[in-house]
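**Student:** Sharing input_30.pdb below, PDB, C-alpha atoms, pLDDT in the B column:
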ATOM      1  CA  MET J 663      70.121  88.403 -97.680  1.00 92.00           C
ATOM      2  CA  ASN J 664      70.462  91.169-100.283  1.00 93.00           C
ATOM      3  CA  VAL J 665      69.894  91.065-104.017  1.00 97.00           C
ATOM      4  CA  GLY J 666      71.730  93.694-106.016  1.00 97.00           C
ATOM      5  CA  ILE J 667      70.585  94.585-109.502  1.00 98.00           C
ATOM      6  CA  LEU J 668      72.664  96.684-111.867  1.00 98.00           C
ATOM      7  CA  LYS J 669      71.390  97.908-115.237  1.00 98.00           C
ATOM      8  CA  ILE J 670      74.001  99.258-117.643  1.00 97.00           C
ATOM      9  CA  HIS J 671      72.999 101.169-120.758  1.00 97.00           C
ATOM     10  CA  LEU J 672      75.499 100.980-123.610  1.00 95.00           C
ATOM     11  CA  ARG J 673      75.938 102.281-127.130  1.00 94.00           C
ATOM     12  CA  LEU J 674      77.933 100.394-129.727  1.00 93.00           C
ATOM     13  CA  PRO J 675      78.747 103.211-132.191  1.00 90.00           C
ATOM     14  CA  GLU J 676      80.824 101.230-134.691  1.00 86.00           C
ATOM     15  CA  ASN J 677      78.549  98.211-134.824  1.00 85.00           C
ATOM     16  CA  LEU J 678      76.796  97.448-138.115  1.00 86.00           C
ATOM     17  CA  SER J 679      74.815  94.279-137.373  1.00 89.00           C
ATOM     18  CA  LEU J 680      73.117  92.242-134.681  1.00 89.00           C
ATOM     19  CA  LYS J 681      75.828  89.609-135.098  1.00 91.00           C
ATOM     20  CA  GLY J 682      78.507  92.174-134.257  1.00 90.00           C
ATOM     21  CA  LYS J 683      76.489  93.364-131.276  1.00 92.00           C
ATOM     22  CA  ARG J 684      76.146  89.818-129.959  1.00 92.00           C
ATOM     23  CA  GLN J 685      79.915  89.256-130.229  1.00 92.00           C
ATOM     24  CA  VAL J 686      80.697  92.371-128.174  1.00 92.00           C
ATOM     25  CA  LEU J 687      78.038  91.605-125.558  1.00 94.00           C
ATOM     26  CA  LYS J 688      79.054  87.953-125.314  1.00 94.00           C
ATOM     27  CA  SER J 689      82.611  89.051-124.506  1.00 93.00           C
ATOM     28  CA  ILE J 690      81.440  91.510-121.831  1.00 94.00           C
ATOM     29  CA  ILE J 691      79.012  89.034-120.269  1.00 95.00           C
ATOM     30  CA  ALA J 692      81.571  86.218-120.115  1.00 95.00           C
ATOM     31  CA  GLN J 693      84.231  88.451-118.575  1.00 94.00           C
ATOM     32  CA  LEU J 694      81.880  89.800-115.893  1.00 96.00           C
ATOM     33  CA  HIS J 695      80.547  86.354-115.037  1.00 95.00           C
ATOM     34  CA  ASN J 696      84.014  84.830-114.754  1.00 95.00           C
ATOM     35  CA  ARG J 697      85.612  87.716-112.876  1.00 95.00           C
ATOM     36  CA  PHE J 698      82.858  88.532-110.368  1.00 96.00           C
ATOM     37  CA  ASN J 699      80.701  85.369-110.253  1.00 94.00           C
ATOM     38  CA  VAL J 700      77.529  87.332-111.043  1.00 97.00           C
ATOM     39  CA  SER J 701      74.602  86.638-113.345  1.00 97.00           C
ATOM     40  CA  VAL J 702      74.559  88.790-116.479  1.00 97.00           C
ATOM     41  CA  ALA J 703      72.084  89.054-119.350  1.00 96.00           C
ATOM     42  CA  GLU J 704      71.015  91.411-122.110  1.00 95.00           C
ATOM     43  CA  VAL J 705      67.601  92.712-121.038  1.00 95.00           C
ATOM     44  CA  ALA J 706      66.547  95.447-123.487  1.00 91.00           C
ATOM     45  CA  GLU J 707      67.100  96.820-126.983  1.00 88.00           C
ATOM     46  CA  ASN J 708      67.518  93.268-128.264  1.00 87.00           C
ATOM     47  CA  ASP J 709      66.765  94.155-131.888  1.00 86.00           C
ATOM     48  CA  LEU J 710      68.705  97.431-132.091  1.00 88.00           C
ATOM     49  CA  TRP J 711      72.207  97.261-133.555  1.00 88.00           C
ATOM     50  CA  GLN J 712      73.814 100.090-131.650  1.00 92.00           C
ATOM     51  CA  LEU J 713      72.080 100.103-128.253  1.00 95.00           C
ATOM     52  CA  ALA J 714      72.145  97.528-125.472  1.00 95.00           C
ATOM     53  CA  THR J 715      71.094  97.210-121.867  1.00 96.00           C
ATOM     54  CA  ILE J 716      72.620  94.512-119.720  1.00 96.00           C
ATOM     55  CA  ALA J 717      71.561  93.536-116.213  1.00 98.00           C
ATOM     56  CA  VAL J 718      73.893  92.174-113.573  1.00 98.00           C
ATOM     57  CA  CYS J 719      72.636  90.425-110.446  1.00 98.00           C
ATOM     58  CA  ALA J 720      74.603  89.690-107.270  1.00 97.00           C
ATOM     59  CA  VAL J 721      73.386  88.063-104.065  1.00 96.00           C
ATOM     60  CA  SER J 722      75.092  88.204-100.664  1.00 95.00           C
ATOM     61  CA  ASN J 723      74.474  88.548 -96.944  1.00 95.00           C
ATOM     62  CA  ASP J 724      76.074  91.995 -96.729  1.00 93.00           C
ATOM     63  CA  GLN J 725      74.526  95.014 -98.463  1.00 95.00           C
ATOM     64  CA  ARG J 726      77.843  96.861 -98.534  1.00 95.00           C
ATOM     65  CA  PHE J 727      79.562  93.905-100.224  1.00 96.00           C
ATOM     66  CA  THR J 728      76.804  93.647-102.832  1.00 96.00           C
ATOM     67  CA  ASN J 729      77.119  97.352-103.634  1.00 96.00           C
ATOM     68  CA  GLU J 730      80.907  97.044-103.814  1.00 96.00           C
ATOM     69  CA  VAL J 731      80.759  94.148-106.286  1.00 97.00           C
ATOM     70  CA  LEU J 732      78.301  95.976-108.542  1.00 97.00           C
ATOM     71  CA  SER J 733      80.382  99.161-108.401  1.00 97.00           C
ATOM     72  CA  LYS J 734      83.436  97.182-109.479  1.00 97.00           C
ATOM     73  CA  VAL J 735      81.424  95.749-112.381  1.00 97.00           C
ATOM     74  CA  VAL J 736      80.577  99.320-113.458  1.00 96.00           C
ATOM     75  CA  ASN J 737      84.257 100.266-113.321  1.00 95.00           C
ATOM     76  CA  VAL J 738      85.302  97.272-115.428  1.00 95.00           C
ATOM     77  CA  VAL J 739      82.685  97.931-118.110  1.00 94.00           C
ATOM     78  CA  GLU J 740      83.324 101.686-118.167  1.00 91.00           C
ATOM     79  CA  GLY J 741      87.107 101.374-118.226  1.00 89.00           C
ATOM     80  CA  GLY J 742      87.345  98.199-120.286  1.00 82.00           C
ATOM     81  CA  ARG J 743      88.701  97.915-123.778  1.00 82.00           C
ATOM     82  CA  PHE J 744      85.359  97.045-125.271  1.00 83.00           C
ATOM     83  CA  GLU J 745      83.994  98.666-128.416  1.00 85.00           C
ATOM     84  CA  ILE J 746      81.277 100.464-126.467  1.00 91.00           C
ATOM     85  CA  GLU J 747      80.217 103.851-125.216  1.00 92.00           C
ATOM     86  CA  PHE J 748      79.092 103.740-121.587  1.00 93.00           C
ATOM     87  CA  LEU J 749      75.849 105.742-121.315  1.00 94.00           C
ATOM     88  CA  ASP J 750      74.371 105.229-117.850  1.00 96.00           C
ATOM     89  CA  TYR J 751      73.828 102.761-115.042  1.00 97.00           C
ATOM     90  CA  GLU J 752      71.423 102.127-112.160  1.00 97.00           C
ATOM     91  CA  ILE J 753      72.076 100.107-109.000  1.00 97.00           C
ATOM     92  CA  GLU J 754      69.264  98.837-106.811  1.00 97.00           C
ATOM     93  CA  ILE J 755      69.778  96.718-103.700  1.00 96.00           C
ATOM     94  CA  ILE J 756      66.778  94.831-102.378  1.00 96.00           C
ATOM     95  CA  PRO J 757      66.923  93.439 -98.838  1.00 94.00           C
ATOM     96  CA  LEU J 758      65.061  90.147 -98.463  1.00 89.00           C
TER      97      LEU J 758
END
Show how you would write the structure in this file as structure tokens.

**Tutor:**
Amino acid sequence: MNVGILKIHLRLPENLSLKGKRQVLKSIIAQLHNRFNVSVAEVAENDLWQLATIAVCAVSNDQRFTNEVLSKVVNVVEGGRFEIEFLDYEIEIIPL
């Protein structure tokens, strides 16, 4: 079994409040969960209006498949029509 963890660092340049940030993140999180059946949560910069870090977790029997799913998540977030600036990401796959 493999657990894949993806951390995505985002900037929301046109956001002016925490409420606006939550709306954008809620949309991203729901889309990723529904499309890829992964767990997604905001994990850092909770009180900052224009920065966010989300974590995505995927579990499977095949390390290659786990990496592929997380890479597709990166592509969707980076190329999506969200009001965000994609800063950086990190993928870690932990064999159990």

**Student:** Would you pick out the contacts of Glu730 of chain J at 12 Å or less, using only C-alpha atoms, so that residues sharing its chain but fewer than 2 positions from it are not included, and give the list as JSON, numbers by chain?

**Tutor:** {"J": [666, 668, 698, 720, 721, 722, 724, 725, 726, 727, 728, 732, 733, 734, 735, 736, 737, 753, 755]}

**Student:** So what do you get for atom CA of Phe744 of chain J versus atom CA of Glu707 of chain J, distance-wise?

**Tutor:**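 The value is 18.3 Å.
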
**Student:** Hey, which of J:Ser679, J:Gln712, J:Gln693, J:Asn729 ends up closest to Leu749 of chain J? Count only C-alpha atoms.

**Tutor:**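 Closest to Leu749 of chain J of all the choices is J:Gln712.
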
**Student:** J:Val705, J:Val731, J:Ile746, J:Val739: which is nearest Asn677 of chain J, counting all atoms listed in the file?

**Tutor:**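 The shortest atom-to-atom distance to Asn677 of chain J comes from J:Ile746.
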
**Student:** Between J:Asn699, J:Asn723, J:Gln685, J:Asn664, single out the one closest to Trp711 of chain J, counting only C-alpha atoms.

**Tutor:**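 Selected residue with least distance to Trp711 of chain J: J:Gln685.
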
**Student:** Measure the distance from atom CA of Leu678 of chain J to atom CA of Val700 of chain J in Å and round it to one decimal.

**Tutor:**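 Distance reported for this atom pair: 28.9 Å.
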
**Student:** For this structure, which residues satisfy the selection - the PyMOL selection byres ((chain J and resi 706) around 12) - when it is evaluated on the file as given? I want them as a PyMOL selection string.

**Tutor:** chain J and resi 669-672+703-705+707-717

**Student:** Atom CA of Val702 of chain J to atom CA of Ile690 of chain J: how many Å, to one decimal?

**Tutor:** 9.1 Å

**Student:** What lies within 6 Å of Ile667 of chain J using only C-alpha atoms, ignoring chain neighbours under 3 positions off, as a list in words?

**Tutor:**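 Listing them by chain and then by number gives Val718, Cys719, Ile753 and Glu754 of chain J.
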
**Student:** Here is a test: counting all atoms listed in the file, which residue of J:Arg673, J:Ile756, J:Leu680, J:Met663 is nearest to Glu740 of chain J?

**Tutor:**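 Going through J:Arg673, J:Ile756, J:Leu680, J:Met663 one by one, the smallest distance to Glu740 of chain J is for J:Arg673.
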
**Student:** Would you mind completing segment 667-702 of chain J so that it carries N, CA and C atoms, and writing it out as a PDB file, keeping the file's coordinate frame?

**Tutor:**
ATOM      1  N   ILE J 667      70.872  94.577-108.068  1.00 98.00           N
ATOM      2  CA  ILE J 667      70.585  94.585-109.502  1.00 98.00           C
ATOM      3  C   ILE J 667      71.225  95.825-110.111  1.00 98.00           C
ATOM      4  N   LEU J 668      71.984  95.608-111.152  1.00 98.00           N
ATOM      5  CA  LEU J 668      72.664  96.684-111.867  1.00 98.00           C
ATOM      6  C   LEU J 668      72.206  96.654-113.312  1.00 98.00           C
ATOM      7  N   LYS J 669      71.728  97.784-113.816  1.00 98.00           N
ATOM      8  CA  LYS J 669      71.390  97.908-115.237  1.00 98.00           C
ATOM      9  C   LYS J 669      72.385  98.869-115.863  1.00 98.00           C
ATOM     10  N   ILE J 670      73.020  98.438-116.936  1.00 97.00           N
ATOM     11  CA  ILE J 670      74.001  99.258-117.643  1.00 97.00           C
ATOM     12  C   ILE J 670      73.492  99.507-119.053  1.00 97.00           C
ATOM     13  N   HIS J 671      73.435 100.773-119.422  1.00 97.00           N
ATOM     14  CA  HIS J 671      72.999 101.169-120.758  1.00 97.00           C
ATOM     15  C   HIS J 671      74.235 101.496-121.593  1.00 97.00           C
ATOM     16  N   LEU J 672      74.326 100.855-122.762  1.00 95.00           N
ATOM     17  CA  LEU J 672      75.499 100.980-123.610  1.00 95.00           C
ATOM     18  C   LEU J 672      75.109 101.396-125.021  1.00 95.00           C
ATOM     19  N   ARG J 673      76.066 102.006-125.704  1.00 94.00           N
ATOM     20  CA  ARG J 673      75.938 102.281-127.130  1.00 94.00           C
ATOM     21  C   ARG J 673      77.125 101.657-127.821  1.00 94.00           C
ATOM     22  N   LEU J 674      76.884 101.021-128.932  1.00 93.00           N
ATOM     23  CA  LEU J 674      77.933 100.394-129.727  1.00 93.00           C
ATOM     24  C   LEU J 674      78.039 101.169-131.035  1.00 93.00           C
ATOM     25  N   PRO J 675      78.781 102.280-131.060  1.00 90.00           N
ATOM     26  CA  PRO J 675      78.747 103.211-132.191  1.00 90.00           C
ATOM     27  C   PRO J 675      79.295 102.652-133.500  1.00 90.00           C
ATOM     28  N   GLU J 676      80.214 101.730-133.457  1.00 86.00           N
ATOM     29  CA  GLU J 676      80.824 101.230-134.691  1.00 86.00           C
ATOM     30  C   GLU J 676      80.220  99.914-135.147  1.00 86.00           C
ATOM     31  N   ASN J 677      79.172  99.485-134.499  1.00 85.00           N
ATOM     32  CA  ASN J 677      78.549  98.211-134.824  1.00 85.00           C
ATOM     33  C   ASN J 677      77.600  98.354-136.009  1.00 85.00           C
ATOM     34  N   LEU J 678      77.625  97.373-136.920  1.00 86.00           N
ATOM     35  CA  LEU J 678      76.796  97.448-138.115  1.00 86.00           C
ATOM     36  C   LEU J 678      75.802  96.301-138.257  1.00 86.00           C
ATOM     37  N   SER J 679      75.747  95.402-137.270  1.00 89.00           N
ATOM     38  CA  SER J 679      74.815  94.279-137.373  1.00 89.00           C
ATOM     39  C   SER J 679      74.508  93.710-135.996  1.00 89.00           C
ATOM     40  N   LEU J 680      73.452  92.919-135.929  1.00 89.00           N
ATOM     41  CA  LEU J 680      73.117  92.242-134.681  1.00 89.00           C
ATOM     42  C   LEU J 680      74.177  91.198-134.325  1.00 89.00           C
ATOM     43  N   LYS J 681      74.771  90.600-135.342  1.00 91.00           N
ATOM     44  CA  LYS J 681      75.828  89.609-135.098  1.00 91.00           C
ATOM     45  C   LYS J 681      77.025  90.269-134.415  1.00 91.00           C
ATOM     46  N   GLY J 682      77.408  91.442-134.882  1.00 90.00           N
ATOM     47  CA  GLY J 682      78.507  92.174-134.257  1.00 90.00           C
ATOM     48  C   GLY J 682      78.180  92.578-132.834  1.00 90.00           C
ATOM     49  N   LYS J 683      76.932  92.989-132.622  1.00 92.00           N
ATOM     50  CA  LYS J 683      76.489  93.364-131.276  1.00 92.00           C
ATOM     51  C   LYS J 683      76.582  92.173-130.341  1.00 92.00           C
ATOM     52  N   ARG J 684      76.116  91.022-130.787  1.00 92.00           N
ATOM     53  CA  ARG J 684      76.146  89.818-129.959  1.00 92.00           C
ATOM     54  C   ARG J 684      77.582  89.427-129.596  1.00 92.00           C
ATOM     55  N   GLN J 685      78.521  89.591-130.520  1.00 92.00           N
ATOM     56  CA  GLN J 685      79.915  89.256-130.229  1.00 92.00           C
ATOM     57  C   GLN J 685      80.470  90.137-129.119  1.00 92.00           C
ATOM     58  N   VAL J 686      80.206  91.441-129.195  1.00 92.00           N
ATOM     59  CA  VAL J 686      80.697  92.371-128.174  1.00 92.00           C
ATOM     60  C   VAL J 686      80.051  92.059-126.832  1.00 92.00           C
ATOM     61  N   LEU J 687      78.735  91.880-126.809  1.00 94.00           N
ATOM     62  CA  LEU J 687      78.038  91.605-125.558  1.00 94.00           C
ATOM     63  C   LEU J 687      78.441  90.262-124.963  1.00 94.00           C
ATOM     64  N   LYS J 688      78.643  89.265-125.806  1.00 94.00           N
ATOM     65  CA  LYS J 688      79.054  87.953-125.314  1.00 94.00           C
ATOM     66  C   LYS J 688      80.402  88.058-124.595  1.00 94.00           C
ATOM     67  N   SER J 689      81.308  88.843-125.131  1.00 93.00           N
ATOM     68  CA  SER J 689      82.611  89.051-124.506  1.00 93.00           C
ATOM     69  C   SER J 689      82.472  89.734-123.147  1.00 93.00           C
ATOM     70  N   ILE J 690      81.658  90.785-123.086  1.00 94.00           N
ATOM     71  CA  ILE J 690      81.440  91.510-121.831  1.00 94.00           C
ATOM     72  C   ILE J 690      80.795  90.603-120.794  1.00 94.00           C
ATOM     73  N   ILE J 691      79.748  89.897-121.188  1.00 95.00           N
ATOM     74  CA  ILE J 691      79.012  89.034-120.269  1.00 95.00           C
ATOM     75  C   ILE J 691      79.906  87.928-119.719  1.00 95.00           C
ATOM     76  N   ALA J 692      80.683  87.293-120.573  1.00 95.00           N
ATOM     77  CA  ALA J 692      81.571  86.218-120.115  1.00 95.00           C
ATOM     78  C   ALA J 692      82.620  86.746-119.147  1.00 95.00           C
ATOM     79  N   GLN J 693      83.202  87.891-119.452  1.00 94.00           N
ATOM     80  CA  GLN J 693      84.231  88.451-118.575  1.00 94.00           C
ATOM     81  C   GLN J 693      83.661  88.806-117.202  1.00 94.00           C
ATOM     82  N   LEU J 694      82.487  89.427-117.180  1.00 96.00           N
ATOM     83  CA  LEU J 694      81.880  89.800-115.893  1.00 96.00           C
ATOM     84  C   LEU J 694      81.505  88.571-115.077  1.00 96.00           C
ATOM     85  N   HIS J 695      80.938  87.575-115.738  1.00 95.00           N
ATOM     86  CA  HIS J 695      80.547  86.354-115.037  1.00 95.00           C
ATOM     87  C   HIS J 695      81.770  85.659-114.442  1.00 95.00           C
ATOM     88  N   ASN J 696      82.816  85.524-115.224  1.00 95.00           N
ATOM     89  CA  ASN J 696      84.014  84.830-114.754  1.00 95.00           C
ATOM     90  C   ASN J 696      84.763  85.603-113.679  1.00 95.00           C
ATOM     91  N   ARG J 697      84.822  86.907-113.800  1.00 95.00           N
ATOM     92  CA  ARG J 697      85.612  87.716-112.876  1.00 95.00           C
ATOM     93  C   ARG J 697      84.912  87.961-111.538  1.00 95.00           C
ATOM     94  N   PHE J 698      83.576  88.149-111.577  1.00 96.00           N
ATOM     95  CA  PHE J 698      82.858  88.532-110.368  1.00 96.00           C
ATOM     96  C   PHE J 698      81.849  87.490-109.879  1.00 96.00           C
ATOM     97  N   ASN J 699      81.663  86.398-110.611  1.00 94.00           N
ATOM     98  CA  ASN J 699      80.701  85.369-110.253  1.00 94.00           C
ATOM     99  C   ASN J 699      79.295  85.957-110.065  1.00 94.00           C
ATOM    100  N   VAL J 700      78.855  86.720-111.040  1.00 97.00           N
ATOM    101  CA  VAL J 700      77.529  87.332-111.043  1.00 97.00           C
ATOM    102  C   VAL J 700      76.748  86.801-112.235  1.00 97.00           C
ATOM    103  N   SER J 701      75.446  86.987-112.205  1.00 97.00           N
ATOM    104  CA  SER J 701      74.602  86.638-113.345  1.00 97.00           C
ATOM    105  C   SER J 701      74.462  87.865-114.226  1.00 97.00           C
ATOM    106  N   VAL J 702      74.599  87.671-115.539  1.00 97.00           N
ATOM    107  CA  VAL J 702      74.559  88.790-116.479  1.00 97.00           C
ATOM    108  C   VAL J 702      73.721  88.379-117.684  1.00 97.00           C
TER     109      VAL J 702
END
